[in-house]
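Some notes on the structure that comes next.
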Amino acid sequence: MPDMAPTAKTERRRALRARRRELAAARDTAADETALATVVTAHLEALGLGAGAVVTSYESVAGEPPTATLNAALLARGVRVLVPDTLADLDLDWHDLADPGREPLGLDAVALADLVLAPGLTVDRSGTRMGQGGGCYDKALPRRRAGVPVVVLLHPGELLAADEEPLPREDHDVPVDGVLTAEGHTDLRPG
């Protein structure tokens with residue numbers, strides 16, 4: 001009997017994309033952008049990360065939680081911001097956001113990070129993250145230093161409620177430590 005998990009995961013991702021479109025359309029994007037920057041900088045302070053720290057982020061596209069103001073706020077605080085470049089094999093290279101030449105830093109640059117801010121469509125309460133389906137972060141996250149937290153940026157309402165069906169977790173899926181939205185931080189670490 002063929003394994004039906006990929007079909008179920010694909011269907012779940014389709015439903016989550018539709019949910020994201022509805023949620024994003026109902027949000028005040030400008031207000032969320034400012035609020036997300038505030039929430040993330042407060043999270044960095046709580047972690048004791050200031051000038052000189054290295055954080056991975058990303059350059060959001062339409063529909064994702066907006067990161068332009070957040071990235072600018074991190075740079076203004078003296079944080080080095082690394083953002084991904086997707087390669088043909090769907091692995092991630094990285095470049096320094098402050099580098100106008102966008103010089104590639106290599107696949108292992110994620111190991112420089114003190115905090116990984118990652119995209120996703122949703123996260124469940126056990127820390128399972130569902131992304132867009134390319135597996136880019138599944139390849140990159142194991143390269144970070146041990147103990148470096150991974151926090152997913154979501155729209156409010158995208159963190160699955162405790163009573164919602166958990167996401168399927170495969171062996172290569174790296175559990176995340178938390179979620180940040182325009183409304184705050186949710187810690188997902190056990191205990």
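How things are named: the first chain in the structure tokens is A, the next is B, and so on; residues count from 1 in each chain; ligands count from 1 in the order shown.
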
Using only C-alpha atoms, which residues sit within 7 Å of Pro156 (chain A) once same-chain residues fewer than 5 positions away are excluded, as a PyMOL selection string? chain A and resi 181-183

Determine, for each residue of region 106-191 of chain A having at least one atom at most 12 Å from an atom of region 9-22 of chain A, the closest pair of atoms and their separation in Å to one decimal, counting only C-alpha atoms; order by chain and ascending number, as CSV.
residue,atom,partner,partner_atom,distance
A:Gly120,CA,A:Leu16,CA,10.2
A:Leu121,CA,A:Leu16,CA,6.5
A:Thr122,CA,A:Leu16,CA,7.4
A:Val123,CA,A:Leu16,CA,10.7
A:Arg129,CA,A:Arg13,CA,11.1
A:Met130,CA,A:Arg13,CA,7.5
A:Gly131,CA,A:Arg13,CA,8.1
A:Gln132,CA,A:Arg13,CA,7.4
A:Gly133,CA,A:Arg13,CA,7.9
A:Gly134,CA,A:Thr10,CA,11.4
A:Leu154,CA,A:Arg20,CA,9.4
A:His155,CA,A:Arg20,CA,7.9
A:Pro156,CA,A:Arg20,CA,10.0
A:Gly157,CA,A:Arg20,CA,9.0
A:Glu158,CA,A:Arg20,CA,7.4
A:Leu159,CA,A:Leu16,CA,10.9
A:Leu160,CA,A:Leu16,CA,10.5
A:Glu165,CA,A:Arg12,CA,10.4
A:Pro166,CA,A:Arg12,CA,10.8
A:Leu167,CA,A:Lys9,CA,8.2
A:Pro168,CA,A:Lys9,CA,7.1
A:Arg169,CA,A:Lys9,CA,9.8
A:Glu170,CA,A:Lys9,CA,10.6

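Restricting the calculation to only C-alpha atoms, the smallest distance between Glu64 (chain A) and any of A:Leu36, A:Leu105, A:Leu90, A:Ala76 is found for A:Leu36.
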
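Among the candidates A:Leu87, A:Ala24, A:Val40, A:Arg125, the residue lying nearest to Ala161 (chain A) is A:Arg125 (atoms considered: only C-alpha atoms).
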
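Residues lying within 6 Å of Asp177 (chain A), counting only C-alpha atoms and ignoring same-chain neighbours fewer than 5 positions away, are Pro149, Val150, Val151, Leu188 and Arg189 of chain A.
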
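You will find CA of Pro175 (chain A) at 24.4 Å from CA of Arg80 (chain A).
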
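Distance annotation: of A:Ala146, A:Ala162, A:Leu153, A:Leu92, the residue with the minimal separation from Val179 (chain A) is A:Leu153; atom set is only C-alpha atoms.
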
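With only C-alpha atoms taken into account, the protein and nucleic acid residues at most 9 Å from Arg143 (chain A) (excluding it and anything under 3 positions from it in its own chain) are Leu107, Asp108, Ala109, Val110, Ala111, Lys139, Ala140 and Ala146 of chain A.
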
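Across A:Val55, A:Ala68, A:Ala31, A:Val61, the tightest approach to His95 (chain A) is made by A:Val55 when counting only C-alpha atoms.
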
Which residue out of A:Ser126, A:Gly184, A:Gly147, A:Leu75 has the minimum interatomic distance to Glu164 (chain A) when only C-alpha atoms are used? A:Ser126

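With only C-alpha atoms as the atoms that count, the minimum distance from Leu74 (chain A) to the choices A:Gly106, A:Ser60, A:Leu117, A:Asp91 is reached by A:Leu117.
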
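Computed from the coordinates, the CA of Ala113 (chain A) to CA of Ala53 (chain A) distance equals 7.6 Å.
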
Could you pull out the alpha helix (DSSP H) residues of region 5-168 of chain A, going by DSSP on the backbone, and write them as an MDAnalysis selection string? chainID A and resid 5:26 29:47 68:76 136:140

Could you write those residues out with C-alpha atoms, as a short mmCIF file (atom, residue, chain, number, x, y, z; two decimals), in the first residue's frame?
data_model
loop_
_atom_site.label_atom_id
_atom_site.label_comp_id
_atom_site.auth_asym_id
_atom_site.auth_seq_id
_atom_site.Cartn_x
_atom_site.Cartn_y
_atom_site.Cartn_z
CA ALA A 5 1.47 11.04 4.05
CA PRO A 6 2.82 13.24 1.23
CA THR A 7 -0.70 13.60 -0.22
CA ALA A 8 -2.16 14.44 3.20
CA LYS A 9 0.68 16.91 3.87
CA THR A 10 0.18 18.51 0.45
CA GLU A 11 -3.55 18.89 1.10
CA ARG A 12 -2.91 20.34 4.54
CA ARG A 13 -0.43 22.84 3.06
CA ARG A 14 -3.01 23.87 0.45
CA ALA A 15 -5.58 24.54 3.19
CA LEU A 16 -3.03 26.48 5.23
CA ARG A 17 -2.16 28.67 2.25
CA ALA A 18 -5.85 29.48 1.80
CA ARG A 19 -6.13 30.26 5.51
CA ARG A 20 -3.08 32.53 5.27
CA ARG A 21 -4.61 34.46 2.37
CA GLU A 22 -7.77 35.06 4.43
CA LEU A 23 -5.87 36.02 7.59
CA ALA A 24 -3.46 38.33 5.77
CA ALA A 25 -6.29 40.06 3.90
CA ALA A 26 -8.06 40.80 7.17
CA THR A 29 -0.33 45.04 7.36
CA ALA A 30 1.31 48.35 8.26
CA ALA A 31 0.35 48.02 11.92
CA ASP A 32 1.44 44.37 11.96
CA GLU A 33 4.78 45.26 10.42
CA THR A 34 5.52 47.79 13.15
CA ALA A 35 4.20 45.52 15.91
CA LEU A 36 6.22 42.53 14.69
CA ALA A 37 9.42 44.61 14.75
CA THR A 38 8.64 45.65 18.33
CA VAL A 39 7.88 42.08 19.43
CA VAL A 40 11.05 40.70 17.85
CA THR A 41 13.32 43.37 19.31
CA ALA A 42 11.77 42.74 22.75
CA HIS A 43 12.45 39.01 22.27
CA LEU A 44 16.10 39.76 21.46
CA GLU A 45 16.36 41.82 24.65
CA ALA A 46 14.83 38.96 26.65
CA LEU A 47 17.47 36.64 25.17
CA ALA A 68 11.20 44.98 6.15
CA THR A 69 10.69 47.11 9.29
CA LEU A 70 11.85 44.27 11.52
CA ASN A 71 15.05 43.81 9.50
CA ALA A 72 15.71 47.57 9.54
CA ALA A 73 15.18 47.65 13.32
CA LEU A 74 17.65 44.81 13.82
CA LEU A 75 20.27 46.56 11.69
CA ALA A 76 19.69 49.83 13.58
CA CYS A 136 14.92 24.55 2.38
CA TYR A 137 14.89 25.10 6.13
CA ASP A 138 14.87 21.34 6.77
CA LYS A 139 18.30 21.33 5.13
CA ALA A 140 19.57 24.53 6.76
#
